[in-house]
Structure formats: C-alpha cells, structure tokens
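To start, the structure itself, in structure tokens.
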Amino acid sequence: MLVQDDIGRSTLLSYLATLLLCVTVVMGVSWIYTATQRERFLESGYSVWNAKRSLVSHCDLGQVVVFGDSRADSALVPARLKKVATNLAVAGGTPIESYFFVKSMLECESKPTVLMLSFNPGAFEILQPWLWDNAARYGALGWRELSEVRREAARLNDKSYLAVTPKLGLDGIVRDIAYGYGFPAIYFDSLLDGRLIARTDMNRQRFNEVVLARGYPSYGHAAQQAGARNEGEQKSIPFAPLAIQQSYFEATLAMLERAGIKTYFLITPYNTRAGKTHDQRYNAAYLAYLHRIDVQYSGFQLLQHQQPVWAETMFVDGAHLSQEGAQIFSRLLNRCIEDAANMADLGIACDFNQAAGADELITADLDLVKK
C-alpha cells in the first residue's frame with residue numbers, strides 16, 4: 001500500500017507540474033502577444049492613439065500643437081492651417097492623459113511655438129474609464145504613470161480615482177495592476193472580436209491615415225437627421241471640477257511655463273441642442289474657472305470669451321464636429337492666428353460664435369469645402 005501511495009502521489013505531482021507549466025506557457029505567450037501585436041486585434045481607436053504617440057516620439061510636432069479631448073480631436077484639421085500643425089487630442093481625453101503627452105513632447109529638442117489645450121467642462125468633472133480602457137490598454141500609460149496618479153489622488157483625498165470601474169470590472173489597486181502591466185484578460189474581448197489577427201490591415205491603414213493627417217481622425221460627415229444623437233438632456237447642476245483633474249491641468253500649465261511655451265485654451269463649438277450649453281449658470285462657472293486660471297498663470301491665455309454654439313448640421317452627433325464642420329472651424333482658427341498682430345491679440349479675434357458674427361465666414365467656408 002505504501003508503494004502504491006507513493007506512485008499515486010508521484011503521478012499527481014507530475015500532473016500538477018505539467019498543468020502549471022502549460023498554464024505558465026499559455027500565459028507567457030498571451031502576455032507577449034497582447035503586448036507586441038496589438039495592431040492585429042485591437043479596435044481602430046488603438047491606431048489613432050498609436051499614430052499620435054508616434055508623432056510625439058518622432059518629435060514631428062510642427063509649430064502649432066493641440067492637446068485635449070474628443071471634441072478637439074474631431075475639430076482641428078492641421079491641413080487647414082498655414083502653419084505646420086499637429087492634432088494630439090484624444091477621444092476620452094482629460095487633463096490627466098494630456099499631462100503625460102505634454103511631458104513626452106517636452107523631451108523633444110524642437111518644440112511648438114503655439115500650444116493649445118482644449119477640454120469640454122465634463123473632462124474636468126469626472127475620471128473617465130477610458131484612462132484605463134484607452135490610455136493604459138493601448139500602452140500609452142503604464143504602471144508607473146497610474147501609480148503616480150493614484151498617489152496624487154490620495155494626496156488630494158480625491159476618492160473618485162479608486163471608484164472608477166473600467167470594462168474588466170475591477171477597481172482600486174487591482175485594476176491598476178491589471179491595466180498597468182497589460183494583463184492579457186483586459187484584451188480578451190478584442191482578441192475574440194478581432195479573431196487574433198483580423199484587424200491588422202484595417203489598423204495599419206488607419207494608422208497611416210492619421211499620421212499623414214498629422215493627428216486628425218475624421219469623425220465622418222454630418223448626421224442625416226438633425227438632433228438624432230443629442231448629447232443629453234438639459235442639466236441644471238453646478239460646474240464642479242475634480243481635484244485630481246485640476247491638479248494635472250495646472251501641473252501641465254506650470255510645466256509648459258517653465259519650458260517657456262505660451263499656452264492657449266481653445267473652446268470648440270457646441271451643438272445648439274447640447275444640454276449643458278443651454279444652462280447659462282453652468283457655462284458661466286466653467287468660463288469663470290478658466291478665467292481664474294488665466295489670471296493665475298502668466299503663460300496661459302483663454303482664447304475666447306464665450307462658447308461657440310453652432311448649428312446641428314455641423315456635427316456628426318451631439319458633440320463632435322463633422323469633417324465639414326472641422327474644416328470650417330480650422331479655417332476660422334487659422335484666420336484668427338493670421339489676423340492677430342501678436343499672440344496676445346488672439347482673445348479678441350477668436351470668438352467663433354455664430355451669434356458673434358461668424359455666420360458669413362462659416363457660409364463662405366462651407367461653399368469652399370463643398371467645392
């Protein structure tokens with residue numbers, strides 16, 4: 001019996017050792033594949049982020065650079081500016097992600113002469129799950145950056161950071177470990193949807209398109225039915241920026257000021273049906289916050305004195321400018337830069353509101369775009 005027990009125990013140990021080895025090999029191969037072959041299975045958003053990261057890593061920046069959220073991502077067409085420009089705004093972007101992009105940009109020997117930041121009010125008010133599902137999952141941020149943000153949130157006693165739950169369903173430090181180190185499980189859905197390699201050609205094409213367009217990814221043409229995708233119902237709530245977003249926004253401004261780079265804040269157009277656009281108290285609080293920053297930082301300037309409100313026909317949905325709307329906005333911004341005697345005058349020239357007299361310019365530019 002003792003001999004048989006020894007044989008049974010030896011067989012079990014061999015089985016467990018083999019199973020552990022197989023699991024280790026599978027995990028190792030999965031980890032390597034998901035870390036090095038993302039273009040083969042991830043959605044097209046990865047290619048857009050990767051293209052913008054490539055422009056930064058190659059220091060291919062030009063004279064005008066814009067960082068910001070998806071509104072800015074959809075609004076600025078570099079080809080419409082006479083100065084060499086780059087659109088480095090990202091979908092789901094907030095001041096946190098932009099801080100790390102700007103930090104990388106400042107390592108370049110050749111830096112832009114005009115830098116613009118552009119965030120809608122909501123980007124200051126919440127922590128997007130996209131900090132993990134986009135920035136970390138796409139490889140733009142890792143464990144080191146997420147740890148830095150977590151420590152800053154703890155210093156500010158901003159509990160919103162630990163509470164966010166991305167698609168994987170984790171939160172807190174376990175979430176940061178999984179996303180910060182690229183745990184294969186965070187890619188499982190994309191691996192299935194992308195059939196391991198099925199998105200390779202699509203992603204390479206998208207990457208090349210965005211690089212050639214200097215960071216501009218067209219969001220498509222205007223919606224066929226006006227107001228079909230409204231941004232949301234009107235909300236009568238106070239503008240309340242998170243401490244963590246304010247901290248990274250101001251850290252970015254301080255970093256740019258130390259580098260001697262003048263920074264401007266650009267407000268992109270809002271759809272006439274967008275809910276918060278109609279809440280004047282909310283808008284006033286948002287602008288008042290930006291004005292306070294304008295006074296606090298000598299290297300920062302708010303370009304506009306009001307939020308541009310444009311017709312629904314300029315948008316693909318309730319928030320993002322169509323390709324036609326983006327070209328018009330970019331041409332107006334170009335005129336603003338060209339017409340100003342110096343950069344200090346931009347605030348006078350850049351109120352792109354239809355109610356402020358931009359109707360004729362928009363109509364003229366729309367005719368040019370159609371041609």
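A note on labels: chains of the structure tokens are A, B, ... as shown, every chain counts residues from 1, and ligands are counted from 1 in their shown order.
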Checklist entry - Which residues in region 41-233 of chain A does DSSP call helix (DSSP H, G or I)? List them as a PyMOL selection string. => result chain A and resi 44-57+70-75+78-80+95-105+121-125+130-136+143-156+160-163+172-180+184-193+200-212
Next on the checklist: Need to verify the contact set: region 236-249 of chain A, 9 Å, only C-alpha atoms, exclusion of same-chain residues closer than 5 positions in sequence. Can you return it as a VMD selection string?
Outcome noted: chain A and resid 94 to 99 121 to 127 149 152 to 153 156 to 158 160 to 161 254 276 279 281 to 286
How would you write, as an mmCIF file with N, CA and C atoms, in the first residue's frame, the set of residues in region 26-226 of chain A that DSSP gives as strand (DSSP E or B)?
```
data_model
loop_
_atom_site.group_PDB
_atom_site.id
_atom_site.type_symbol
_atom_site.label_atom_id
_atom_site.label_comp_id
_atom_site.auth_asym_id
_atom_site.auth_seq_id
_atom_site.Cartn_x
_atom_site.Cartn_y
_atom_site.Cartn_z
ATOM 1 N N VAL A 64 2.274 74.420 -34.405
ATOM 2 C CA VAL A 64 1.043 74.511 -33.617
ATOM 3 C C VAL A 64 0.636 73.106 -33.184
ATOM 4 N N VAL A 65 0.429 72.909 -31.882
ATOM 5 C CA VAL A 65 0.015 71.604 -31.358
ATOM 6 C C VAL A 65 -1.205 71.792 -30.468
ATOM 7 N N VAL A 66 -2.168 70.890 -30.619
ATOM 8 C CA VAL A 66 -3.376 70.918 -29.790
ATOM 9 C C VAL A 66 -3.464 69.625 -28.993
ATOM 10 N N PHE A 67 -3.668 69.749 -27.684
ATOM 11 C CA PHE A 67 -3.942 68.618 -26.810
ATOM 12 C C PHE A 67 -5.346 68.799 -26.245
ATOM 13 N N GLY A 68 -6.069 67.697 -26.046
ATOM 14 C CA GLY A 68 -7.398 67.856 -25.474
ATOM 15 C C GLY A 68 -8.223 66.590 -25.556
ATOM 16 N N ALA A 85 0.916 72.104 -38.249
ATOM 17 C CA ALA A 85 0.185 71.849 -37.004
ATOM 18 C C ALA A 85 0.016 70.354 -36.784
ATOM 19 N N THR A 86 -0.250 69.982 -35.534
ATOM 20 C CA THR A 86 -0.471 68.591 -35.165
ATOM 21 C C THR A 86 -1.612 68.516 -34.159
ATOM 22 N N ASN A 87 -2.531 67.609 -34.404
ATOM 23 C CA ASN A 87 -3.669 67.394 -33.506
ATOM 24 C C ASN A 87 -3.363 66.194 -32.616
ATOM 25 N N VAL A 114 3.244 77.474 -30.767
ATOM 26 C CA VAL A 114 1.882 77.708 -30.301
ATOM 27 C C VAL A 114 1.332 76.387 -29.762
ATOM 28 N N LEU A 115 0.938 76.383 -28.498
ATOM 29 C CA LEU A 115 0.349 75.177 -27.919
ATOM 30 C C LEU A 115 -1.042 75.502 -27.383
ATOM 31 N N MET A 116 -2.006 74.663 -27.742
ATOM 32 C CA MET A 116 -3.380 74.881 -27.306
ATOM 33 C C MET A 116 -3.886 73.675 -26.541
ATOM 34 N N LEU A 117 -4.601 73.936 -25.451
ATOM 35 C CA LEU A 117 -5.313 72.910 -24.700
ATOM 36 C C LEU A 117 -6.801 73.119 -24.912
ATOM 37 N N SER A 118 -7.554 72.035 -24.974
ATOM 38 C CA SER A 118 -8.991 72.162 -25.226
ATOM 39 C C SER A 118 -9.735 71.021 -24.546
#
```
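Nearest to Asp73 (chain A) of all the residues A:Tyr216, A:Trp49, A:Tyr181, A:Phe100 is A:Tyr216, based on only C-alpha atoms.
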Item to check | Which of A:Leu168, A:Asn271, A:Gly215, A:Ile32 sits closest to Asp189 (chain A) [using only C-alpha atoms] | outcome: A:Leu168
Next on the checklist: If I take CA of Asn208 (chain A) and CA of Leu256 (chain A), how far is one from the other in Å, to one decimal?
Outcome noted: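 Going from CA of Asn208 (chain A) over to CA of Leu256 (chain A), I get 29.4 Å.
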Checklist entry - So which residues touch Gly194 (chain A) within 10 Å, counting only C-alpha atoms, skipping near sequence neighbours fewer than 2 positions away, as a ChimeraX atom specification? => result /A:39-43,188-192,196-200
Could you please take those selected residues and save N, CA, C and O atoms as a compact mmCIF listing (two decimals), in the first residue's frame?
```txt
# COMPACT_ATOMS: atom_id res chain seq x y z
N GLU A 39 -1.87 45.84 -32.83
CA GLU A 39 -2.48 46.30 -34.09
C GLU A 39 -3.24 45.19 -34.79
O GLU A 39 -4.08 45.45 -35.65
N ARG A 40 -2.98 43.94 -34.44
CA ARG A 40 -3.61 42.81 -35.12
C ARG A 40 -5.02 42.51 -34.61
O ARG A 40 -5.80 41.88 -35.32
N PHE A 41 -5.34 42.97 -33.39
CA PHE A 41 -6.65 42.58 -32.85
C PHE A 41 -7.42 43.71 -32.18
O PHE A 41 -8.63 43.58 -31.98
N LEU A 42 -6.77 44.82 -31.84
CA LEU A 42 -7.48 45.90 -31.16
C LEU A 42 -8.34 46.71 -32.12
O LEU A 42 -8.10 46.73 -33.33
N GLU A 43 -9.34 47.41 -31.57
CA GLU A 43 -10.22 48.26 -32.35
C GLU A 43 -9.44 49.45 -32.93
O GLU A 43 -8.32 49.73 -32.53
N PHE A 188 -9.22 40.39 -23.74
CA PHE A 188 -9.93 39.17 -24.14
C PHE A 188 -11.03 39.45 -25.16
O PHE A 188 -11.11 38.76 -26.20
N ASP A 189 -11.88 40.45 -24.91
CA ASP A 189 -12.98 40.75 -25.84
C ASP A 189 -12.44 41.12 -27.22
O ASP A 189 -12.98 40.69 -28.24
N SER A 190 -11.39 41.93 -27.24
CA SER A 190 -10.83 42.36 -28.53
C SER A 190 -10.17 41.20 -29.26
O SER A 190 -10.22 41.13 -30.50
N LEU A 191 -9.55 40.30 -28.53
CA LEU A 191 -8.95 39.12 -29.16
C LEU A 191 -10.02 38.28 -29.86
O LEU A 191 -9.80 37.78 -30.97
N LEU A 192 -11.18 38.14 -29.21
CA LEU A 192 -12.28 37.38 -29.81
C LEU A 192 -12.87 38.13 -31.00
O LEU A 192 -13.04 37.56 -32.09
N LEU A 196 -7.92 37.37 -33.37
CA LEU A 196 -6.46 37.32 -33.18
C LEU A 196 -5.68 38.21 -34.14
O LEU A 196 -4.80 38.95 -33.74
N ILE A 197 -5.99 38.12 -35.46
CA ILE A 197 -5.18 38.87 -36.43
C ILE A 197 -6.03 39.61 -37.47
O ILE A 197 -5.49 40.24 -38.38
N ALA A 198 -7.36 39.57 -37.34
CA ALA A 198 -8.24 40.04 -38.42
C ALA A 198 -8.22 41.55 -38.62
O ALA A 198 -8.67 42.04 -39.66
N ARG A 199 -7.74 42.32 -37.65
CA ARG A 199 -7.78 43.77 -37.77
C ARG A 199 -6.45 44.38 -38.21
O ARG A 199 -6.29 45.61 -38.20
N THR A 200 -5.52 43.57 -38.60
CA THR A 200 -4.18 44.06 -38.95
C THR A 200 -4.21 45.10 -40.06
O THR A 200 -3.70 46.22 -39.90
```
Checklist entry - Near region 128-130 of chain A, within 8 Å and counting only C-alpha atoms, which residues show up once chain neighbours fewer than 5 positions away are dropped, as a VMD selection string? => result chain A and resid 92 to 94 135 164 to 167
Those same residues, written as a PDB file, in the first residue's frame with N, CA, C and O atoms?
```pdb
ATOM      1  N   GLY A  92     -11.910  60.632 -25.281  1.00  0.00           N
ATOM      2  CA  GLY A  92     -11.937  60.311 -23.861  1.00  0.00           C
ATOM      3  C   GLY A  92     -10.850  61.000 -23.062  1.00  0.00           C
ATOM      4  O   GLY A  92     -10.661  60.716 -21.878  1.00  0.00           O
ATOM      5  N   GLY A  93     -10.129  61.925 -23.692  1.00  0.00           N
ATOM      6  CA  GLY A  93      -9.007  62.581 -23.034  1.00  0.00           C
ATOM      7  C   GLY A  93      -9.442  63.554 -21.952  1.00  0.00           C
ATOM      8  O   GLY A  93     -10.483  64.198 -22.047  1.00  0.00           O
ATOM      9  N   THR A  94      -8.637  63.657 -20.918  1.00  0.00           N
ATOM     10  CA  THR A  94      -8.834  64.611 -19.825  1.00  0.00           C
ATOM     11  C   THR A  94      -7.479  65.256 -19.530  1.00  0.00           C
ATOM     12  O   THR A  94      -6.464  64.868 -20.128  1.00  0.00           O
ATOM     13  N   ALA A 135      -6.054  54.719 -22.581  1.00  0.00           N
ATOM     14  CA  ALA A 135      -4.665  55.123 -22.347  1.00  0.00           C
ATOM     15  C   ALA A 135      -3.784  53.976 -21.860  1.00  0.00           C
ATOM     16  O   ALA A 135      -2.692  53.745 -22.393  1.00  0.00           O
ATOM     17  N   VAL A 164     -13.520  54.253  -9.930  1.00  0.00           N
ATOM     18  CA  VAL A 164     -13.834  54.040 -11.353  1.00  0.00           C
ATOM     19  C   VAL A 164     -13.659  52.568 -11.720  1.00  0.00           C
ATOM     20  O   VAL A 164     -12.664  51.937 -11.366  1.00  0.00           O
ATOM     21  N   THR A 165     -14.632  52.037 -12.453  1.00  0.00           N
ATOM     22  CA  THR A 165     -14.587  50.636 -12.882  1.00  0.00           C
ATOM     23  C   THR A 165     -14.591  50.565 -14.403  1.00  0.00           C
ATOM     24  O   THR A 165     -15.611  50.848 -15.039  1.00  0.00           O
ATOM     25  N   PRO A 166     -13.476  50.203 -15.029  1.00  0.00           N
ATOM     26  CA  PRO A 166     -13.447  50.044 -16.491  1.00  0.00           C
ATOM     27  C   PRO A 166     -14.123  48.747 -16.920  1.00  0.00           C
ATOM     28  O   PRO A 166     -14.738  48.053 -16.095  1.00  0.00           O
ATOM     29  N   LYS A 167     -14.006  48.384 -18.189  1.00  0.00           N
ATOM     30  CA  LYS A 167     -14.751  47.251 -18.732  1.00  0.00           C
ATOM     31  C   LYS A 167     -14.436  45.925 -18.048  1.00  0.00           C
ATOM     32  O   LYS A 167     -15.295  45.059 -17.946  1.00  0.00           O
TER      33      LYS A 167
END
```
Item to check | Contacts of region 55-59 of chain A at 8 Å (only C-alpha atoms; same-chain gap of 2+ positions) as number ranges by chain | outcome: A: 51-53, 61, 101, 104-105, 108-110, 211, 214-215
Item to check | Residues near Gln307 (chain A), cut-off 10 Å, only C-alpha atoms, skip fewer than 4 positions along chain, as an NGL selection string | outcome: :A and (120 or 266-270 or 277 or 283-284 or 286-287 or 351-353)
Checklist entry - Can you tell me how far CA of His320 (chain A) sits from CA of Ser74 (chain A), in Å to one decimal? => result 5.8 Å
Next on the checklist: Nearest residue to Leu76 (chain A) out of A:Leu13, A:Met255, A:Val316, A:Ala213, using only C-alpha atoms?
Outcome noted: A:Ala213
Item to check | Selection: 8 Å around Gln327 (chain A), only C-alpha atoms, excl. self and same-chain fewer than 6 positions, as a list in words | outcome: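 The neighbour list is Ala75, Leu76, Val77, Arg80 and Val369 of chain A.
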Would you put the residues from that selection into a file with N, CA and C atoms, as a PDB file, in the first residue's frame?
```pdb
ATOM      1  N   ALA A  75     -12.213  68.397 -34.119  1.00  0.00           N
ATOM      2  CA  ALA A  75     -12.410  69.774 -34.600  1.00  0.00           C
ATOM      3  C   ALA A  75     -11.254  70.369 -35.381  1.00  0.00           C
ATOM      4  N   LEU A  76     -10.028  69.927 -35.116  1.00  0.00           N
ATOM      5  CA  LEU A  76      -8.875  70.597 -35.732  1.00  0.00           C
ATOM      6  C   LEU A  76      -8.302  69.773 -36.878  1.00  0.00           C
ATOM      7  N   VAL A  77      -8.332  70.357 -38.080  1.00  0.00           N
ATOM      8  CA  VAL A  77      -7.734  69.732 -39.264  1.00  0.00           C
ATOM      9  C   VAL A  77      -6.426  70.460 -39.553  1.00  0.00           C
ATOM     10  N   ARG A  80      -5.657  72.530 -42.711  1.00  0.00           N
ATOM     11  CA  ARG A  80      -6.331  73.808 -42.946  1.00  0.00           C
ATOM     12  C   ARG A  80      -5.584  74.986 -42.335  1.00  0.00           C
ATOM     13  N   VAL A 369     -15.535  74.352 -48.920  1.00  0.00           N
ATOM     14  CA  VAL A 369     -15.413  72.940 -48.596  1.00  0.00           C
ATOM     15  C   VAL A 369     -16.178  72.091 -49.595  1.00  0.00           C
TER      16      VAL A 369
END
```
Item to check | CA of Phe207 (chain A) to CA of Ser54 (chain A), distance in Å rounded to a single decimal | outcome: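 Interatomic distance here is 9.5 Å.
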